[in-house]
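**Q** mmCIF, C-alpha atoms, file run_7.cif:
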data_structure
loop_
_atom_site.label_atom_id
_atom_site.label_comp_id
_atom_site.auth_asym_id
_atom_site.auth_seq_id
_atom_site.Cartn_x
_atom_site.Cartn_y
_atom_site.Cartn_z
CA MET A 756 23.99 36.68 15.49
CA LEU A 757 22.66 35.53 12.12
CA ALA A 758 21.20 32.33 13.51
CA HIS A 759 17.74 33.58 14.40
CA PRO A 760 17.09 35.67 11.26
CA THR A 761 18.29 32.78 9.08
CA LEU A 762 16.03 30.30 10.85
CA ASP A 763 13.10 32.68 10.51
CA GLN A 764 13.74 33.08 6.80
CA LEU A 765 14.05 29.33 6.22
CA ASN A 766 10.79 28.66 8.05
CA THR A 767 9.06 31.50 6.21
CA LEU A 768 10.09 29.87 2.93
CA GLY A 769 8.71 26.53 4.13
CA LEU A 770 12.19 24.98 4.28
CA HIS A 771 11.59 23.40 7.67
CA GLY A 772 14.05 20.58 7.13
CA LEU A 773 16.77 23.05 6.28
CA ALA A 774 15.88 25.07 9.37
CA LYS A 775 16.06 21.99 11.57
CA GLY A 776 19.40 20.98 10.08
CA PHE A 777 20.81 24.47 10.39
CA LYS A 778 19.87 24.61 14.06
CA GLU A 779 21.29 21.16 14.84
CA LEU A 780 24.54 21.60 12.92
CA GLN A 781 25.25 24.85 14.76
CA HIS A 782 25.57 22.88 18.00
CA LYS A 783 27.75 20.07 16.64
CA PRO A 784 31.49 20.75 17.12
CA GLU A 785 32.39 18.39 14.27
CA ALA A 786 30.38 20.52 11.86
CA ARG A 787 32.73 23.48 12.31
CA GLY A 788 35.32 21.85 10.07
CA LEU A 789 32.93 21.42 7.15
CA ASP A 790 33.27 23.58 4.08
CA HIS A 791 30.31 25.39 2.51
CA SER A 792 29.45 22.63 0.04
CA GLU A 793 29.46 20.00 2.79
CA TRP A 794 27.20 22.15 4.96
CA LEU A 795 24.83 22.67 2.08
CA GLY A 796 24.80 18.95 1.30
CA LEU A 797 23.87 18.07 4.88
CA LEU A 798 21.17 20.73 5.02
CA LEU A 799 19.64 19.44 1.80
CA ASP A 800 19.64 15.92 3.28
CA TYR A 801 17.64 17.24 6.24
CA GLU A 802 15.15 18.92 3.91
CA LEU A 803 14.77 15.88 1.66
CA THR A 804 14.30 13.53 4.61
CA LEU A 805 11.60 15.72 6.14
CA ARG A 806 9.75 16.07 2.83
CA ARG A 807 9.82 12.33 2.22
CA GLN A 808 8.47 11.72 5.71
CA LYS A 809 5.62 14.17 5.15
CA GLN A 810 4.84 12.57 1.77
CA PHE A 811 4.71 9.15 3.41
CA GLU A 812 2.45 10.39 6.22
CA THR A 813 0.07 11.89 3.67
CA ARG A 814 0.06 8.72 1.55
CA ALA A 815 -0.57 6.55 4.61
CA ARG A 816 -3.39 8.77 5.86
CA VAL A 817 -5.15 8.75 2.49
CA ALA A 818 -4.63 4.98 2.10
CA LYS A 819 -6.67 4.26 5.26
CA LEU A 820 -4.93 0.94 5.80
CA ARG A 821 -6.81 -1.38 8.14
CA HIS A 822 -3.68 -2.56 9.96
CA SER A 823 -0.58 -0.75 11.09
CA ALA A 824 1.65 -3.33 9.41
CA SER A 825 5.11 -3.24 7.87
CA VAL A 826 7.01 -5.70 5.72
CA GLU A 827 9.85 -5.75 8.25
CA ASP A 828 7.53 -7.27 10.88
CA VAL A 829 6.23 -10.21 8.83
CA ASN A 830 6.32 -13.52 10.70
CA TYR A 831 7.86 -16.23 8.52
CA GLN A 832 8.24 -18.75 11.35
CA THR A 833 4.60 -19.74 11.78
CA PRO A 834 3.69 -22.45 9.24
CA ARG A 835 1.05 -21.00 6.92
CA GLY A 836 2.55 -21.49 3.47
CA LEU A 837 4.00 -17.98 3.14
CA ASP A 838 6.90 -18.03 0.66
CA ARG A 839 9.57 -15.79 2.21
CA ALA A 840 11.46 -15.26 -1.04
CA LEU A 841 8.30 -14.27 -2.89
CA PHE A 842 7.15 -11.88 -0.19
CA LEU A 843 10.54 -10.20 0.01
CA LYS A 844 10.41 -9.79 -3.76
CA LEU A 845 6.96 -8.22 -3.50
CA SER A 846 8.25 -5.93 -0.74
CA ALA A 847 10.55 -4.24 -3.26
CA CYS A 848 7.36 -2.96 -5.02
CA ASP A 849 8.75 -3.54 -8.53
CA TRP A 850 5.63 -5.51 -9.37
CA ILE A 851 3.57 -2.35 -8.87
CA ALA A 852 5.72 -0.45 -11.36
CA GLU A 853 5.26 -3.40 -13.72
CA ARG A 854 1.47 -3.13 -13.30
CA ARG A 855 1.06 -6.68 -12.05
CA ASN A 856 -1.53 -7.89 -9.55
CA LEU A 857 -1.42 -9.85 -6.31
CA MET A 858 -3.98 -12.37 -5.11
CA ILE A 859 -3.90 -13.45 -1.44
CA ALA A 860 -6.17 -16.32 -0.44
CA GLY A 861 -6.56 -18.39 2.71
CA ALA A 862 -8.84 -19.17 5.60
CA SER A 863 -9.81 -16.60 8.22
CA GLY A 864 -7.11 -15.71 10.71
CA LEU A 865 -4.05 -16.41 8.52
CA GLY A 866 -3.11 -12.75 8.11
CA LYS A 867 -4.25 -11.98 4.57
CA SER A 868 -5.35 -8.43 5.36
CA TRP A 869 -2.25 -7.80 7.47
CA LEU A 870 0.08 -8.88 4.66
CA ALA A 871 -1.83 -6.75 2.15
CA CYS A 872 -1.59 -3.72 4.45
CA ALA A 873 2.14 -4.34 5.00
CA LEU A 874 2.67 -4.17 1.24
CA GLY A 875 0.44 -1.11 1.06
CA HIS A 876 2.50 0.54 3.81
CA LYS A 877 5.70 -0.20 1.87
CA ALA A 878 4.18 1.25 -1.31
CA CYS A 879 3.37 4.43 0.63
CA ARG A 880 7.00 4.59 1.73
CA GLU A 881 7.99 4.30 -1.93
CA ASN A 882 5.79 7.36 -2.59
CA MET A 883 3.06 5.39 -4.37
CA SER A 884 -0.60 6.13 -3.83
CA VAL A 885 -2.57 3.39 -2.06
CA LEU A 886 -6.25 2.95 -1.22
CA TYR A 887 -7.56 0.22 1.09
CA MET A 888 -11.19 -0.90 0.86
CA ARG A 889 -13.10 -3.84 2.26
CA ILE A 890 -15.02 -5.34 -0.63
CA PRO A 891 -18.40 -5.53 1.20
CA ARG A 892 -18.23 -1.79 1.93
CA LEU A 893 -17.01 -1.09 -1.58
CA PHE A 894 -20.03 -2.77 -3.13
CA ALA A 895 -22.33 -1.00 -0.68
CA GLY A 896 -20.85 2.33 -1.76
CA LEU A 897 -21.13 1.46 -5.44
CA ALA A 898 -24.81 0.66 -4.95
CA VAL A 899 -25.60 4.27 -4.02
CA ALA A 900 -24.90 7.70 -5.44
CA ARG A 901 -21.14 7.52 -4.80
CA TYR A 902 -20.68 5.18 -7.79
CA ALA A 903 -18.76 7.48 -10.14
CA ARG A 904 -16.69 9.03 -7.36
CA LEU A 905 -15.63 5.65 -6.00
CA LEU A 906 -14.66 4.30 -9.41
CA LYS A 907 -12.63 7.43 -10.08
CA SER A 908 -10.82 7.22 -6.74
CA ILE A 909 -9.91 3.58 -7.37
CA ALA A 910 -8.77 4.21 -10.93
CA ARG A 911 -6.37 7.02 -10.06
CA VAL A 912 -4.31 5.30 -7.33
CA LYS A 913 -1.25 3.15 -7.95
CA LEU A 914 -2.33 0.33 -5.65
CA PRO A 915 -5.93 -0.33 -4.60
CA ILE A 916 -6.30 -3.06 -1.98
CA LEU A 917 -9.64 -4.89 -2.20
CA ASP A 918 -9.87 -6.86 1.01
CA ASP A 919 -12.11 -9.68 2.22
CA TRP A 920 -13.85 -10.93 -0.91
CA GLY A 921 -16.44 -13.65 -0.27
CA PRO A 922 -17.56 -16.11 0.80
CA GLU A 923 -20.95 -15.01 -0.59
CA ALA A 924 -21.35 -15.10 -4.37
CA LEU A 925 -21.62 -11.75 -6.13
CA THR A 926 -24.87 -10.44 -7.50
CA ALA A 927 -24.98 -9.61 -11.20
CA ASN A 928 -24.65 -5.88 -10.40
CA GLN A 929 -21.68 -6.49 -8.13
CA ALA A 930 -20.00 -8.61 -10.81
CA ARG A 931 -20.46 -5.81 -13.34
CA ASP A 932 -19.05 -3.29 -10.84
CA LEU A 933 -16.00 -5.49 -10.28
CA LEU A 934 -15.50 -5.78 -14.02
CA GLU A 935 -15.54 -1.97 -14.28
CA ILE A 936 -12.81 -1.76 -11.64
CA VAL A 937 -10.51 -4.36 -13.16
CA GLU A 938 -11.14 -3.06 -16.68
CA ASP A 939 -10.02 0.42 -15.59
CA ARG A 940 -6.80 -1.05 -14.21
CA TYR A 941 -6.02 -3.59 -16.92
CA ASP A 942 -2.44 -2.96 -18.14
CA LYS A 943 -2.57 0.43 -16.36
CA GLY A 944 -2.07 -0.34 -12.67
CA SER A 945 -1.80 -2.98 -9.99
CA LEU A 946 -4.34 -4.47 -7.64
CA ILE A 947 -4.34 -6.56 -4.46
CA ILE A 948 -7.33 -8.79 -3.77
CA THR A 949 -7.67 -10.92 -0.64
CA SER A 950 -10.25 -13.64 -0.14
CA GLN A 951 -11.14 -16.55 2.12
CA VAL A 952 -12.17 -18.43 -1.00
CA PRO A 953 -9.44 -20.39 -2.85
CA ILE A 954 -8.42 -18.75 -6.10
CA ASN A 955 -9.54 -21.78 -8.14
CA ARG A 956 -13.10 -21.10 -6.91
CA TRP A 957 -13.23 -17.40 -7.78
CA HIS A 958 -15.00 -18.14 -11.05
CA GLU A 959 -18.00 -19.61 -9.25
CA LEU A 960 -17.82 -16.83 -6.67
CA ILE A 961 -18.48 -14.26 -9.40
CA GLY A 962 -21.48 -16.23 -10.52
CA VAL A 963 -22.12 -14.88 -14.02
CA PRO A 964 -19.90 -17.01 -16.29
CA THR A 965 -19.28 -14.41 -18.99
CA LEU A 966 -18.42 -11.74 -16.43
CA ALA A 967 -16.29 -14.20 -14.47
CA ASP A 968 -14.28 -15.01 -17.60
CA ALA A 969 -13.73 -11.32 -18.33
CA ILE A 970 -12.78 -10.41 -14.75
CA LEU A 971 -10.40 -13.30 -14.10
CA ASP A 972 -8.73 -12.97 -17.48
CA ARG A 973 -7.81 -9.38 -16.60
CA VAL A 974 -6.88 -10.02 -12.97
CA ILE A 975 -5.12 -13.37 -12.79
CA HIS A 976 -3.13 -13.73 -16.00
CA ASN A 977 -0.22 -11.59 -14.75
CA ALA A 978 -0.77 -11.92 -10.99
CA TYR A 979 1.42 -13.14 -8.19
CA ARG A 980 -0.33 -15.53 -5.83
CA ILE A 981 -0.04 -16.08 -2.09
CA GLU A 982 -2.18 -19.02 -0.98
CA LEU A 983 -2.05 -19.47 2.78
CA SER A 984 -3.01 -22.55 4.76
CA GLY A 985 -2.80 -23.83 8.31
CA GLU A 986 -4.24 -22.95 11.69
CA SER A 987 -5.56 -19.48 12.48
CA LEU A 988 -2.92 -17.17 13.94
CA ARG A 989 -5.57 -15.81 16.31
CA LYS A 990 -6.14 -19.26 17.77
CA GLN A 991 -2.42 -19.79 18.17
CA ARG A 992 -2.04 -16.48 20.02
CA SER A 993 -4.98 -17.18 22.32
CA ALA A 994 -3.58 -20.63 23.15
CA SER A 995 -0.12 -19.32 24.03
#
Do you think you could lay out the structure here as structure tokens?
**A**
Amino acid sequence: MLAHPTLDQLNTLGLHGLAKGFKELQHKPEARGLDHSEWLGLLLDYELTLRRQKQFETRARVAKLRHSASVEDVNYQTPRGLDRALFLKLSACDWIAERRNLMIAGASGLGKSWLACALGHKACRENMSVLYMRIPRLFAGLAVARYARLLKSIARVKLPILDDWGPEALTANQARDLLEIVEDRYDKGSLIITSQVPINRWHELIGVPTLADAILDRVIHNAYRIELSGESLRKQRSAS
């Protein structure tokens, strides 16, 4: 008789996980032998699981990841120079807590953006804030009135993903904008950058030597590197 009033009260209080657990446990014969503390423990597990799922969904929605990718689905079989041990280490997300960076370079079609999004997805699951941006659109936004708002949004997240840098060299204004971004994050947060241009050519990609020195000193000195090579995965899929 108390089932419906109790469910109503739990939902009114916003304890939807508890309400779901209460309803499900009522119909499980094995739950009848549980004592009060065991019941409470199970109900709290329901509530915690639901809240974590909602937190993840919010993080993922705000992150605006380009690909629906997960670290569990990474293909290590195709030869492209992806170090399995390194990627599994990165998947634990400790490097984000340590405020280290990740550089992913390689030709078009090798899955740079997908790998970056997979790590972003995992960071969301670990309840870390993520923001995905394609660098061409980022610079376009910084060139207009959204400058301060964009810089603020990048600075406040745990893991910005700056995707698809190059192959065109930066203008002087773009180089200064990039310096502002990496300066805000230096020793404060992590960053993923992907590029078709090999990492050893990033200095010339920035263009302005003094700015290039400042940017790369802040980005690369503590960064993990994934440098992919081989045939485009898109070509391999279309040929199969």
**Q** Segment 761-772 of chain A: which residues within 12 Å, counting all atoms listed in the file, same-chain residues fewer than 4 positions away excluded, as an MDAnalysis selection string?
**A** chainID A and resid 756:757 776:779 781 797:809
**Q** Of the candidates A:Met883, A:Ala967, A:Ala862, A:Val826, which one gets nearest to Gly985 of chain A if we count all atoms listed in the file?
**A** A:Ala862
**Q** Give the answer as one residue: which of A:Leu874, A:Leu933, A:Ala860, A:Leu886 has the shortest atom-to-atom distance to Asn955 of chain A, using only C-alpha atoms?
**A**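 Ranking A:Leu874, A:Leu933, A:Ala860, A:Leu886 by distance to Asn955 of chain A, first place goes to A:Ala860.
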**Q** To verify the selection step, state as a list in words which residues the PyMOL selection byres ((chain A and resi 880-882) around 10) yields on this input.
**A**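 When the PyMOL selection byres ((chain A and resi 880-882) around 10) is applied to the shown file, the picked residues are Arg807, Gln808, Gln810, Phe811, Glu812, Thr813, Arg814, Ala815, Ala847, Cys848, Leu874, Gly875, His876, Lys877, Ala878, Cys879, Met883, Ser884, Val885 and Lys913 of chain A.
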**Q** With only C-alpha atoms as the atoms that count, which of A:Leu971, A:Leu914, A:Ala903, A:Ala774 lies nearest to Ile851 of chain A?
**A**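 Closest residue, counting only C-alpha atoms: A:Leu914.
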**Q** With 8 Å on each side, where is the centre of the axis-aligned box around all listed atoms of segment 934-953 of chain A, and how long are its edges in Å to one decimal, as JSON?
**A**
{"center_x": -8.7, "center_y": -10.0, "center_z": -8.0, "size_x": 29.7, "size_y": 36.8, "size_z": 36.3}
**Q** Just give me the gap between atom CA of Ser846 of chain A and atom CA of Lys867 of chain A in Å, one decimal is fine.
**A** 14.9 Å
**Q** Compile the contact shell of Leu966 of chain A as an MDAnalysis selection string: residues with an atom at most 9 Å away, counting all atoms listed in the file, same-chain residues fewer than 5 positions apart removed.
**A** chainID A and resid 927 930:931 934 961 971
**Q** Separation of atom CA of Val963 of chain A and atom CA of Gly896 of chain A, in Å?
**A**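 Spanning atom CA of Val963 of chain A to atom CA of Gly896 of chain A is a straight-line distance of 21.2 Å.
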